[in-house]
Number of protein chains: 2
Amino acid sequence: MAESGDREEGGERGERVTIVDVARRAGVSKSTVSLVLAGSALVAEPTRERVSRAMRALGYVYHRGAASLRAASSDFVGMVISDLTNPFFAELAVGIEDALYKLGFTPILANTNENPERQAQVLRSLREHNVAGIIMSPARGSSAWTLAQQWPPSIPAVLTMRRMVGSPLPYIGPDNRKGARDSVEHLLRLGHRRIAYLGGDGSMSTQQERVEGWRDALNGWGIPVNDSLIIESAPTRPGGREAIERVLASAAPPTAVVCYNDIVAMGATRALTERAILPGRDIAVVGFDDIAEAEHNAPPLTTVNADTREMGQRCAESLLGLIRREDPAGLSFAGVARLVVRESCGAGRQDRRAS
Amino acid sequence: MAESGDREEGGERGERVTIVDVARRAGVSKSTVSLVLAGSALVAEPTRERVSRAMRALGYVYHRGAASLRAASSDFVGMVISDLTNPFFAELAVGIEDALYKLGFTPILANTNENPERQAQVLRSLREHNVAGIIMSPARGSSAWTLAQQWPPSIPAVLTMRRMVGSPLPYIGPDNRKGARDSVEHLLRLGHRRIAYLGGDGSMSTQQERVEGWRDALNGWGIPVNDSLIIESAPTRPGGREAIERVLASAAPPTAVVCYNDIVAMGATRALTERAILPGRDIAVVGFDDIAEAEHNAPPLTTVNADTREMGQRCAESLLGLIRREDPAGLSFAGVARLVVRESCGAGRQDRRAS
DNA sequence: CAGAATAAGTGGAACGTTCCAAGATCAGGG
DNA sequence: CCCTGATCTTGGAACGTTCCACTTATTCTG
């Protein structure tokens, strides 16, 4: 009698309730049930009602795997992240994940930990799972060539944060060159003339673009560019520590450093503090990314905001475009890069000395 | 002639190469190919060779979805994370992800962002994907009751970081009570007598256990426990800021605070610094989790190391146990909690005053 | 050399959907 | 009363695997 609450059971035993069971109970064919699931207008209202009730009564759960067996590709999207331990990528991943869910995709996570072999495995696995596409920030050391070997052009893929020369894939990332230029110009305006670049390695496009920005700014101010002031290292906290130590040991240490990213800057500021060299007073330090922790660093980091969430969103949208067979050429996106001034550059003290 | 390099094509057109195509080319039945795929001993070496060659030649890619259609459950595992933006959970996720891959599972990521409704959606989606199991850190506000509604007991699930009263599911987490007790005792030894507890909310077991530890320590030293010194808030940086501001505004502010976790402590230290109250000198602050950023905080955070990676690993292993139908009772795990003393508690200055 | 045992391989149903072609029912028009 | 369309419904093949039951070929045993 009770209209509701007629939930029969939930399949305590492993027996899955299928579309056929629902059909039987509702007194229709499985095709009709399928139509109801698809929200088709072909099915009459009373029938739809009856079917829905049957589903609820039986505790029916849709089986996407079975559905996608026919459908050529699934609702999965691979999220291949080079270092999820870096809060920047964690934020990016959250942005991507959120957007994917809203678009009806299901993200499969893969953290390659900057390991190209792991990346190769992961790509293989994603192919086996018949993903609709992937969003990938390539591991250090992977090239357009190796990627072409590992990923068929027929499956949509977008690159994020690290561009690949020679790859036709859409690329979503911040305007690295402008970001770096802005931060170096800020330091120049504060009076610095010997400005080093710390961290990252030249094989990454991100690095190349940021170094270009550094060069641009120096050139623009007529400062001779000294390549020995580029200290490469792993893009990690220990990498930052190592880089700053190398540059301090050099014959003519810089008065300011711009870093590949915030965690490099965090490693550097920490190492400096341990040597009683105070970032923001004795030396200026600038990061890149503006991760949430930058504000809490000792001292709070001047850095470049990359609008991470927005980029995650764009990655998902761009992939969707590819899936819909739009022209890849129109699907790249460059985020804005905005300098955020905090204490690590010492702006409070010497502002407006030059310029 | 060339032994290798006979890769015919990769299916430039959408036509997927199946087991049947491989069989045809190798001159065997699809059953044999399936056997080869499974690495069965039933197939003779020359045949295996022939089949493998055919696979390579055709660029065959295994279709896991199709396989799991028969197999009752897939190789997917849901990773339901309450806040991936918190570096602690990011590290945990990395640990879990890594272990899952090694065990042959594929992690589907879901960040619920502490939103129980999102969590409900996510659980539904994971069921539809026929996951082998889930590892979940429940969103704030979810209860054993709602979980029971949303997740069938027949599908393996383990809980991490947040226990659920009344749930029979295995739980993997650090020894919160001991960790909190150790940190409070450390503060007591430094001479503090008015020690507040900041952040978190009472609905979370983590909070309850850490508050218990705080109580334990105070009781052990015969200090009267004053519940007004427990300031609840969101477990985030803004939450930490808000909590410290509330406690500072109280009639008798504490000389030391232990925080729900590191990001709460980071929010608190930041707010204090802005008011020119120096953590580690004017007030002692202790965190929990020992995220990578704790060391870089201003000032570096005294905190409790929760052995995050190890816990991620354990989560995966415990889930595997459940999938193998082991007794859930034996699959819980409590990680060690180890106090890491840095500067935010001011240990350098006043150490050994009491005790 | 019959018969059994072993080894290697095969055919086809099954998994839970989708989707096409076709069927059933009914109303209205001539 | 038959035909046409419209509206709703359905049977069954297909998707790419696995796995059971079975066949065939070979070797062993007494």
# chains A, B, ... in the order shown; residues from 1 in each chain; ligands from 1
call {"tool": "residues_around", "arguments": {"residues": "DG5 of chain D", "least_positions_apart": "3", "cutoff": "12 Å", "atoms": "only C-alpha atoms (C1' of nucleotides)", "output": "list in words"}}
result
DC26, DA27, DG28 and DG29 of chain C
call {"tool": "residues_around", "arguments": {"residues": "DT10 of chain D", "least_positions_apart": "4", "cutoff": "12 Å", "atoms": "only C-alpha atoms (C1' of nucleotides)", "output": "PyMOL selection string"}}
result
(chain A and resi 23+27-35) or (chain C and resi 19-24)
call {"tool": "closest_atom_pairs", "arguments": {"of": "chain D", "to": "chain B", "cutoff": "12 Å", "atoms": "only C-alpha atoms (C1' of nucleotides)", "output": "Markdown table"}}
result
| residue | atom | partner | partner_atom | distance |
| --- | --- | --- | --- | --- |
| D:DC15 | C1' | B:Ala66 | CA | 8.0 |
| D:DG16 | C1' | B:Ala66 | CA | 5.0 |
| D:DT17 | C1' | B:Ala67 | CA | 4.3 |
| D:DT18 | C1' | B:Arg70 | CA | 6.4 |
| D:DC19 | C1' | B:Ser31 | CA | 9.0 |
| D:DC20 | C1' | B:Ser31 | CA | 11.5 |
call {"tool": "interface_residues", "arguments": {"of": "chain A", "to": "chain B", "cutoff": "8 Å", "atoms": "only C-alpha atoms", "output": "JSON, numbers by chain"}}
result
{"A": [10, 12, 13, 14, 61, 62, 63, 64, 65, 66, 68, 69, 84, 85, 87, 90, 91, 94, 97, 98, 106, 107, 108, 109, 110, 111, 127, 128, 129, 130, 152, 153, 154, 266, 267, 270, 293, 296, 297, 298, 299, 300]}
call {"tool": "residues_around", "arguments": {"residues": "DA5 of chain C", "least_positions_apart": "3", "cutoff": "12 Å", "atoms": "only C-alpha atoms (C1' of nucleotides)", "output": "JSON list (two decimals) with C-alpha atoms (C1' of nucleotides), in the first residue's frame"}}
result
[["chain", "number", "residue", "atom", "x", "y", "z"],
["D", 26, "DT", "C1'", 50.26, -36.97, -28.57],
["D", 27, "DT", "C1'", 52.52, -39.80, -25.21],
["D", 28, "DC", "C1'", 52.62, -43.20, -21.73],
["D", 29, "DT", "C1'", 51.50, -47.73, -19.53]]
call {"tool": "closest_atom_pairs", "arguments": {"of": "chain C", "to": "chain A", "cutoff": "7 Å", "atoms": "only C-alpha atoms (C1' of nucleotides)", "output": "tab-separated table"}}
result
residue	atom	partner	partner_atom	distance
C:DG16	C1'	A:Ala66	CA	5.0
C:DT17	C1'	A:Ala67	CA	4.3
C:DT18	C1'	A:Arg70	CA	6.4
call {"tool": "residues_around", "arguments": {"residues": "segment 276-288 of chain A", "least_positions_apart": "6", "cutoff": "9 Å", "atoms": "only C-alpha atoms (C1' of nucleotides)", "output": "PyMOL selection string"}}
result
chain A and resi 176+179-180+183-184+187+192+195+254-266+268-269+294+298-299+301-306+339+341+343-349
call {"tool": "write_last_selection", "arguments": {"atoms": "C-alpha atoms", "output": "PDB file, in the first residue's frame"}}
result
ATOM      1  CA  ASN A 176      55.437  32.380 -18.161  1.00  0.00           C
ATOM      2  CA  GLY A 179      55.301  36.616 -15.392  1.00  0.00           C
ATOM      3  CA  ALA A 180      59.053  36.264 -15.171  1.00  0.00           C
ATOM      4  CA  SER A 183      59.041  39.937 -11.459  1.00  0.00           C
ATOM      5  CA  VAL A 184      62.518  40.773 -12.706  1.00  0.00           C
ATOM      6  CA  LEU A 187      63.437  43.759  -8.741  1.00  0.00           C
ATOM      7  CA  HIS A 192      68.785  45.298  -7.928  1.00  0.00           C
ATOM      8  CA  ILE A 195      69.646  39.071 -10.398  1.00  0.00           C
ATOM      9  CA  PRO A 254      73.538  38.124  -6.659  1.00  0.00           C
ATOM     10  CA  THR A 255      71.531  40.568  -4.586  1.00  0.00           C
ATOM     11  CA  ALA A 256      68.274  39.094  -5.804  1.00  0.00           C
ATOM     12  CA  VAL A 257      67.016  35.775  -7.155  1.00  0.00           C
ATOM     13  CA  VAL A 258      63.940  34.809  -9.109  1.00  0.00           C
ATOM     14  CA  CYS A 259      62.999  31.184  -8.727  1.00  0.00           C
ATOM     15  CA  TYR A 260      61.546  28.643 -11.103  1.00  0.00           C
ATOM     16  CA  ASN A 261      58.563  28.197  -8.795  1.00  0.00           C
ATOM     17  CA  ASP A 262      57.360  28.674  -5.255  1.00  0.00           C
ATOM     18  CA  ILE A 263      58.645  25.464  -3.808  1.00  0.00           C
ATOM     19  CA  VAL A 264      62.111  26.194  -5.148  1.00  0.00           C
ATOM     20  CA  ALA A 265      61.788  29.610  -3.541  1.00  0.00           C
ATOM     21  CA  MET A 266      60.702  27.977  -0.303  1.00  0.00           C
ATOM     22  CA  ALA A 268      65.928  28.732  -1.031  1.00  0.00           C
ATOM     23  CA  THR A 269      64.476  30.992   1.652  1.00  0.00           C
ATOM     24  CA  ALA A 294      53.478  31.271  -0.418  1.00  0.00           C
ATOM     25  CA  ALA A 298      59.114  32.719   6.089  1.00  0.00           C
ATOM     26  CA  PRO A 299      59.129  35.414   4.829  1.00  0.00           C
ATOM     27  CA  LEU A 301      56.809  35.097  -0.815  1.00  0.00           C
ATOM     28  CA  THR A 302      56.594  37.668  -3.552  1.00  0.00           C
ATOM     29  CA  THR A 303      55.487  35.550  -6.468  1.00  0.00           C
ATOM     30  CA  VAL A 304      53.546  35.351  -9.698  1.00  0.00           C
ATOM     31  CA  ASN A 305      49.951  34.267  -9.507  1.00  0.00           C
ATOM     32  CA  ALA A 306      49.110  31.802 -12.242  1.00  0.00           C
ATOM     33  CA  LEU A 339      52.861  39.668  -9.785  1.00  0.00           C
ATOM     34  CA  VAL A 341      54.247  41.521  -3.941  1.00  0.00           C
ATOM     35  CA  GLU A 343      57.907  40.513   1.843  1.00  0.00           C
ATOM     36  CA  SER A 344      60.525  38.214   0.379  1.00  0.00           C
ATOM     37  CA  CYS A 345      61.558  40.798  -2.218  1.00  0.00           C
ATOM     38  CA  GLY A 346      62.038  43.514   0.342  1.00  0.00           C
ATOM     39  CA  ALA A 347      59.735  45.880  -1.502  1.00  0.00           C
ATOM     40  CA  GLY A 348      58.684  47.512   1.748  1.00  0.00           C
ATOM     41  CA  ARG A 349      62.184  48.795   2.424  1.00  0.00           C
TER      42      ARG A 349
END
call {"tool": "select_by_dssp", "arguments": {"residues": "segment 67-285 of chain B", "states": "helix (DSSP H, G or I)", "output": "VMD selection string"}}
result
chain B and resid 67 to 70 87 to 102 116 to 128 144 to 150 176 to 189 205 to 220 227 to 229 237 to 248 262 to 274
call {"tool": "select_by_dssp", "arguments": {"residues": "segment 89-291 of chain A", "states": "strand (DSSP E or B)", "output": "JSON list (two decimals) with N, CA and C atoms, in the first residue's frame"}}
result
[["chain", "number", "residue", "atom", "x", "y", "z"],
["A", 106, "THR", "N", 34.77, 11.30, -15.63],
["A", 106, "THR", "CA", 35.31, 10.73, -14.41],
["A", 106, "THR", "C", 36.82, 10.69, -14.50],
["A", 107, "PRO", "N", 37.50, 11.40, -13.60],
["A", 107, "PRO", "CA", 38.95, 11.48, -13.70],
["A", 107, "PRO", "C", 39.67, 10.27, -13.10],
["A", 108, "ILE", "N", 40.55, 9.72, -13.89],
["A", 108, "ILE", "CA", 41.48, 8.72, -13.37],
["A", 108, "ILE", "C", 42.77, 9.45, -13.05],
["A", 109, "LEU", "N", 43.24, 9.29, -11.82],
["A", 109, "LEU", "CA", 44.43, 10.03, -11.42],
["A", 109, "LEU", "C", 45.70, 9.24, -11.64],
["A", 110, "ALA", "N", 46.72, 9.90, -12.15],
["A", 110, "ALA", "CA", 48.02, 9.27, -12.23],
["A", 110, "ALA", "C", 49.09, 10.29, -11.93],
["A", 111, "ASN", "N", 49.87, 10.03, -10.91],
["A", 111, "ASN", "CA", 50.97, 10.89, -10.53],
["A", 111, "ASN", "C", 52.25, 10.25, -11.03],
["A", 133, "GLY", "N", 39.99, 10.78, -23.20],
["A", 133, "GLY", "CA", 41.09, 11.70, -23.45],
["A", 133, "GLY", "C", 41.97, 11.83, -22.22],
["A", 134, "ILE", "N", 43.04, 12.58, -22.35],
["A", 134, "ILE", "CA", 43.90, 12.82, -21.19],
["A", 134, "ILE", "C", 44.28, 14.29, -21.10],
["A", 135, "ILE", "N", 44.54, 14.69, -19.85],
["A", 135, "ILE", "CA", 45.11, 16.00, -19.59],
["A", 135, "ILE", "C", 46.42, 15.71, -18.89],
["A", 136, "MET", "N", 47.50, 16.23, -19.43],
["A", 136, "MET", "CA", 48.79, 15.78, -18.92],
["A", 136, "MET", "C", 49.77, 16.91, -18.75],
["A", 157, "ALA", "N", 44.13, 14.59, -26.38],
["A", 157, "ALA", "CA", 45.06, 14.85, -25.30],
["A", 157, "ALA", "C", 45.38, 16.33, -25.27],
["A", 158, "VAL", "N", 45.41, 16.91, -24.09],
["A", 158, "VAL", "CA", 45.90, 18.28, -23.99],
["A", 158, "VAL", "C", 47.06, 18.30, -23.01],
["A", 159, "LEU", "N", 47.97, 19.22, -23.27],
["A", 159, "LEU", "CA", 49.15, 19.38, -22.43],
["A", 159, "LEU", "C", 48.94, 20.57, -21.53],
["A", 160, "THR", "N", 49.43, 20.47, -20.31],
["A", 160, "THR", "CA", 49.33, 21.64, -19.45],
["A", 160, "THR", "C", 50.66, 21.90, -18.77],
["A", 171, "TYR", "N", 47.82, 23.43, -25.74],
["A", 171, "TYR", "CA", 48.60, 23.65, -24.53],
["A", 171, "TYR", "C", 47.93, 24.71, -23.66],
["A", 172, "ILE", "N", 47.79, 24.40, -22.40],
["A", 172, "ILE", "CA", 47.19, 25.34, -21.46],
["A", 172, "ILE", "C", 48.21, 25.66, -20.38],
["A", 173, "GLY", "N", 48.54, 26.91, -20.23],
["A", 173, "GLY", "CA", 49.51, 27.28, -19.21],
["A", 173, "GLY", "C", 49.51, 28.78, -19.02],
["A", 174, "PRO", "N", 50.19, 29.23, -17.99],
["A", 174, "PRO", "CA", 50.23, 30.67, -17.73],
["A", 174, "PRO", "C", 51.20, 31.35, -18.69],
["A", 195, "ILE", "N", 70.83, 39.88, -10.70],
["A", 195, "ILE", "CA", 69.65, 39.07, -10.40],
["A", 195, "ILE", "C", 69.81, 37.67, -10.97],
["A", 196, "ALA", "N", 69.85, 36.67, -10.12],
["A", 196, "ALA", "CA", 70.04, 35.30, -10.58],
["A", 196, "ALA", "C", 68.70, 34.62, -10.86],
["A", 197, "TYR", "N", 68.77, 33.53, -11.62],
["A", 197, "TYR", "CA", 67.59, 32.72, -11.88],
["A", 197, "TYR", "C", 67.87, 31.33, -11.32],
["A", 198, "LEU", "N", 66.99, 30.84, -10.45],
["A", 198, "LEU", "CA", 67.25, 29.60, -9.72],
["A", 198, "LEU", "C", 66.24, 28.50, -10.00],
["A", 200, "GLY", "N", 64.69, 24.69, -11.76],
["A", 200, "GLY", "CA", 64.14, 24.25, -13.04],
["A", 200, "GLY", "C", 65.24, 23.69, -13.93],
["A", 230, "ILE", "N", 72.29, 31.71, -14.17],
["A", 230, "ILE", "CA", 71.19, 30.74, -14.26],
["A", 230, "ILE", "C", 71.65, 29.45, -13.60],
["A", 231, "ILE", "N", 71.03, 29.13, -12.49],
["A", 231, "ILE", "CA", 71.41, 27.93, -11.76],
["A", 231, "ILE", "C", 70.28, 26.92, -11.86],
["A", 233, "SER", "N", 68.28, 23.32, -11.32],
["A", 233, "SER", "CA", 68.19, 22.30, -10.28],
["A", 233, "SER", "C", 66.84, 21.60, -10.40],
["A", 256, "ALA", "N", 69.67, 39.53, -5.70],
["A", 256, "ALA", "CA", 68.27, 39.09, -5.80],
["A", 256, "ALA", "C", 68.20, 37.82, -6.63],
["A", 257, "VAL", "N", 67.21, 36.98, -6.35],
["A", 257, "VAL", "CA", 67.02, 35.78, -7.15],
["A", 257, "VAL", "C", 65.55, 35.62, -7.51],
["A", 258, "VAL", "N", 65.30, 35.24, -8.76],
["A", 258, "VAL", "CA", 63.94, 34.81, -9.11],
["A", 258, "VAL", "C", 64.01, 33.30, -9.22],
["A", 259, "CYS", "N", 62.96, 32.65, -8.77],
["A", 259, "CYS", "CA", 63.00, 31.18, -8.73],
["A", 259, "CYS", "C", 62.03, 30.59, -9.73],
["A", 279, "PRO", "N", 66.00, 36.72, 3.78],
["A", 279, "PRO", "CA", 65.36, 37.08, 2.51],
["A", 279, "PRO", "C", 64.43, 38.26, 2.76],
["A", 283, "ILE", "N", 68.71, 39.83, 0.95],
["A", 283, "ILE", "CA", 68.62, 39.36, -0.42],
["A", 283, "ILE", "C", 67.14, 39.32, -0.80],
["A", 284, "ALA", "N", 66.86, 39.54, -2.06],
["A", 284, "ALA", "CA", 65.46, 39.49, -2.50],
["A", 284, "ALA", "C", 65.18, 38.15, -3.17],
["A", 285, "VAL", "N", 64.04, 37.56, -2.88],
["A", 285, "VAL", "CA", 63.66, 36.28, -3.47],
["A", 285, "VAL", "C", 62.24, 36.39, -4.04],
["A", 286, "VAL", "N", 62.07, 35.89, -5.26],
["A", 286, "VAL", "CA", 60.74, 35.88, -5.87],
["A", 286, "VAL", "C", 60.43, 34.47, -6.36],
["A", 289, "ASP", "N", 53.97, 30.91, -9.17],
["A", 289, "ASP", "CA", 52.79, 30.04, -9.00],
["A", 289, "ASP", "C", 51.77, 30.60, -8.02]]
call {"tool": "residues_around", "arguments": {"residues": "DA21 of chain D", "least_positions_apart": "6", "cutoff": "12 Å", "atoms": "only C-alpha atoms (C1' of nucleotides)", "output": "list in words"}}
result
DT10, DG11, DG12 and DA13 of chain C
call {"tool": "write_last_selection", "arguments": {"atoms": "N, CA and C atoms (P, O5', C5', C4', C3', O3' and C1' of nucleotides)", "output": "PDB file, in the first residue's frame"}}
result
ATOM      1  P    DT C  10      43.112 -23.082 -31.714  1.00  0.00           P
ATOM      2  O5'  DT C  10      41.646 -23.552 -31.348  1.00  0.00           O
ATOM      3  C5'  DT C  10      41.116 -24.735 -31.966  1.00  0.00           C
ATOM      4  C4'  DT C  10      39.681 -24.882 -31.532  1.00  0.00           C
ATOM      5  C3'  DT C  10      38.827 -23.644 -31.744  1.00  0.00           C
ATOM      6  O3'  DT C  10      37.635 -24.049 -32.376  1.00  0.00           O
ATOM      7  C1'  DT C  10      38.607 -24.376 -29.533  1.00  0.00           C
ATOM      8  P    DG C  11      36.908 -23.057 -33.348  1.00  0.00           P
ATOM      9  O5'  DG C  11      35.383 -23.284 -32.973  1.00  0.00           O
ATOM     10  C5'  DG C  11      34.920 -24.552 -32.525  1.00  0.00           C
ATOM     11  C4'  DG C  11      33.704 -24.344 -31.638  1.00  0.00           C
ATOM     12  C3'  DG C  11      32.811 -23.152 -31.983  1.00  0.00           C
ATOM     13  O3'  DG C  11      31.477 -23.644 -31.951  1.00  0.00           O
ATOM     14  C1'  DG C  11      33.518 -22.994 -29.719  1.00  0.00           C
ATOM     15  P    DG C  12      30.232 -22.778 -32.335  1.00  0.00           P
ATOM     16  O5'  DG C  12      29.758 -22.205 -30.921  1.00  0.00           O
ATOM     17  C5'  DG C  12      29.541 -23.132 -29.847  1.00  0.00           C
ATOM     18  C4'  DG C  12      29.138 -22.365 -28.615  1.00  0.00           C
ATOM     19  C3'  DG C  12      28.288 -21.117 -28.884  1.00  0.00           C
ATOM     20  O3'  DG C  12      27.418 -20.979 -27.779  1.00  0.00           O
ATOM     21  C1'  DG C  12      30.189 -20.476 -27.744  1.00  0.00           C
ATOM     22  P    DA C  13      25.964 -20.381 -27.983  1.00  0.00           P
ATOM     23  O5'  DA C  13      25.526 -20.101 -26.470  1.00  0.00           O
ATOM     24  C5'  DA C  13      25.769 -21.107 -25.487  1.00  0.00           C
ATOM     25  C4'  DA C  13      26.200 -20.447 -24.187  1.00  0.00           C
ATOM     26  C3'  DA C  13      25.335 -19.250 -23.783  1.00  0.00           C
ATOM     27  O3'  DA C  13      25.185 -19.300 -22.368  1.00  0.00           O
ATOM     28  C1'  DA C  13      27.573 -18.559 -23.942  1.00  0.00           C
TER      29       DA C  13
END
call {"tool": "atom_distance", "arguments": {"atom1": "atom CA of Asn115 of chain A", "atom2": "atom CA of Glu310 of chain A"}}
result
26.5 Å
